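Below: the structure, in structure tokens.
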Amino acid sequence: MVSRDPIYELDGKISVQKAVPFGLQHVLAMFVANIAPILIVTGVVKMSAPEAGAIVQAAMIIAGVGSLLQMYPFFRLGSGLPVIMGISFTFVSVFCVIGLKYGYGAILGAVLVGGILEGILGLGAAWWLIRSL
């Protein structure tokens with residue numbers, strides 16, 4: 001007989017003894033992944049420490065809100081899974097180039113336009129899945 005560990009089940013109930021280390025691991029990984037790209041980009045565009053600190057604080061708040069939306073879906077937003085949201089390193093080099101040439105405002109504009117486009121594509125995900133079958 002195969003034993004099933006509740007940690008691998010969608011609605012599995014795990015003990016606090018297991019939940020605390022896993023939760024700390026996720027939080028620590030989220031901190032490093034969220035803070036490092038910001039410090040790289042703000043360092044390249046030579047922002048002051050208070051400005052960089054404000055951006056780190058805003059990113060952590062939004063990552064927390066995004067993580068809560070993933071765990072506790074609101075309408076169609078969220079998966080209902082314990083997903084930790086954060087920042088990607090994917091665009092760090094592009095943001096460094098844009099920031100050096102046009103400033104931090106251009107980075108924010110690029111993020112805004114990219115986020116809107118990604119949101120529109122995400123809303124059509126069901127259409128993409130049907131077309132790929």
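In the structure tokens, each chain is lettered A, B, ... as it comes, each chain's residues begin at 1, and ligands are numbered from 1 in order of appearance.
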Exercise for review: Apply DSSP to the backbone of this structure and, from chain A, keep only the residues in alpha helix (DSSP H); write these as a ChimeraX atom specification.
Suggested key: /A:16-44,49-71,92-102,104-123,125-132
Point to revise | Long-range neighbours of segment 52-60 of chain A as a list in words, 10 Å cut-off, only C-alpha atoms, 6 positions minimum in chain | key: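 In the requested format, the answer is Met30, Phe31, Asn34, Ile35, Ala36, Pro37, Ile38, Leu39, Val41, Thr42, Gly43, Lys46, Gly66, Met85, Gly86 and Ile87 of chain A.
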Output for the residues just chosen: N, CA and C atoms as a short mmCIF file (atom, residue, chain, number, x, y, z; two decimals), in the first residue's frame:
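Below is the file that was written, selection33.cif:
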data_model
loop_
_atom_site.label_atom_id
_atom_site.label_comp_id
_atom_site.auth_asym_id
_atom_site.auth_seq_id
_atom_site.Cartn_x
_atom_site.Cartn_y
_atom_site.Cartn_z
N MET A 30 11.78 34.26 -0.94
CA MET A 30 11.08 35.41 -1.51
C MET A 30 11.86 36.70 -1.26
N PHE A 31 12.40 36.87 -0.07
CA PHE A 31 13.14 38.08 0.24
C PHE A 31 14.33 38.25 -0.70
N ASN A 34 13.19 38.93 -4.31
CA ASN A 34 12.54 40.23 -4.51
C ASN A 34 13.50 41.40 -4.34
N ILE A 35 14.44 41.29 -3.44
CA ILE A 35 15.30 42.43 -3.14
C ILE A 35 16.49 42.55 -4.10
N ALA A 36 17.08 41.44 -4.49
CA ALA A 36 18.29 41.48 -5.32
C ALA A 36 18.08 42.20 -6.66
N PRO A 37 17.03 41.90 -7.44
CA PRO A 37 16.88 42.64 -8.71
C PRO A 37 16.70 44.14 -8.51
N ILE A 38 15.98 44.51 -7.45
CA ILE A 38 15.77 45.94 -7.19
C ILE A 38 17.09 46.62 -6.88
N LEU A 39 17.90 45.99 -6.03
CA LEU A 39 19.18 46.60 -5.67
C LEU A 39 20.12 46.68 -6.87
N VAL A 41 19.18 47.05 -10.13
CA VAL A 41 18.71 48.10 -11.04
C VAL A 41 18.87 49.48 -10.41
N THR A 42 18.50 49.64 -9.15
CA THR A 42 18.64 50.96 -8.52
C THR A 42 20.10 51.35 -8.37
N GLY A 43 20.99 50.37 -8.23
CA GLY A 43 22.42 50.67 -8.18
C GLY A 43 22.94 51.15 -9.53
N LYS A 46 21.82 54.62 -10.19
CA LYS A 46 22.36 55.49 -9.14
C LYS A 46 21.27 56.21 -8.34
N GLY A 66 -0.01 39.82 -3.81
CA GLY A 66 -0.09 38.82 -4.88
C GLY A 66 -0.10 37.40 -4.34
N MET A 85 4.54 34.95 -4.73
CA MET A 85 4.77 35.82 -5.87
C MET A 85 6.00 36.68 -5.62
N GLY A 86 6.63 37.11 -6.68
CA GLY A 86 7.81 37.94 -6.53
C GLY A 86 8.27 38.54 -7.84
N ILE A 87 9.49 39.00 -7.83
CA ILE A 87 10.09 39.69 -8.97
C ILE A 87 10.94 38.69 -9.74
#
Study note, to complete from the structure: Judged by only C-alpha atoms, the minimum distance to Val65 of chain A among A:Ala49, A:Ile130, A:Val32, A:Ile84 is found for A:Ile84
Review point. What's the 10 Å shell around Cys96 of chain A, counting only C-alpha atoms, without same-chain residues fewer than 4 positions away, as a list in words?
Key: Ile40, Val41, Thr42, Gly43, Val44, Val45, Phe91, Val92, Leu100, Lys101, Tyr102, Gly103, Tyr104 and Ile107 of chain A
Check your understanding: So how many Å separate atom CA of Gln70 of chain A and atom CA of Pro82 of chain A, to one decimal?
Key ->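 Computed distance, atom CA of Gln70 of chain A to atom CA of Pro82 of chain A, equals 6.8 Å.
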Point to revise | Atomic separation - atom CA of Gly80 of chain A relative to atom CA of Asp5 of chain A, Å | key: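 Separation between atom CA of Asp5 of chain A and atom CA of Gly80 of chain A: 19.5 Å.
The smallest atom-to-atom distance between Val83 of chain A and any of A:Pro50, A:Leu123, A:Gly23, A:Gly105, using only C-alpha atoms, is found for A:Gly23.
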Check your understanding: Any idea what the distance is between atom CA of Leu77 of chain A and atom CA of Gly122 of chain A?
Key ->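 Interatomic distance here is 10.5 Å.
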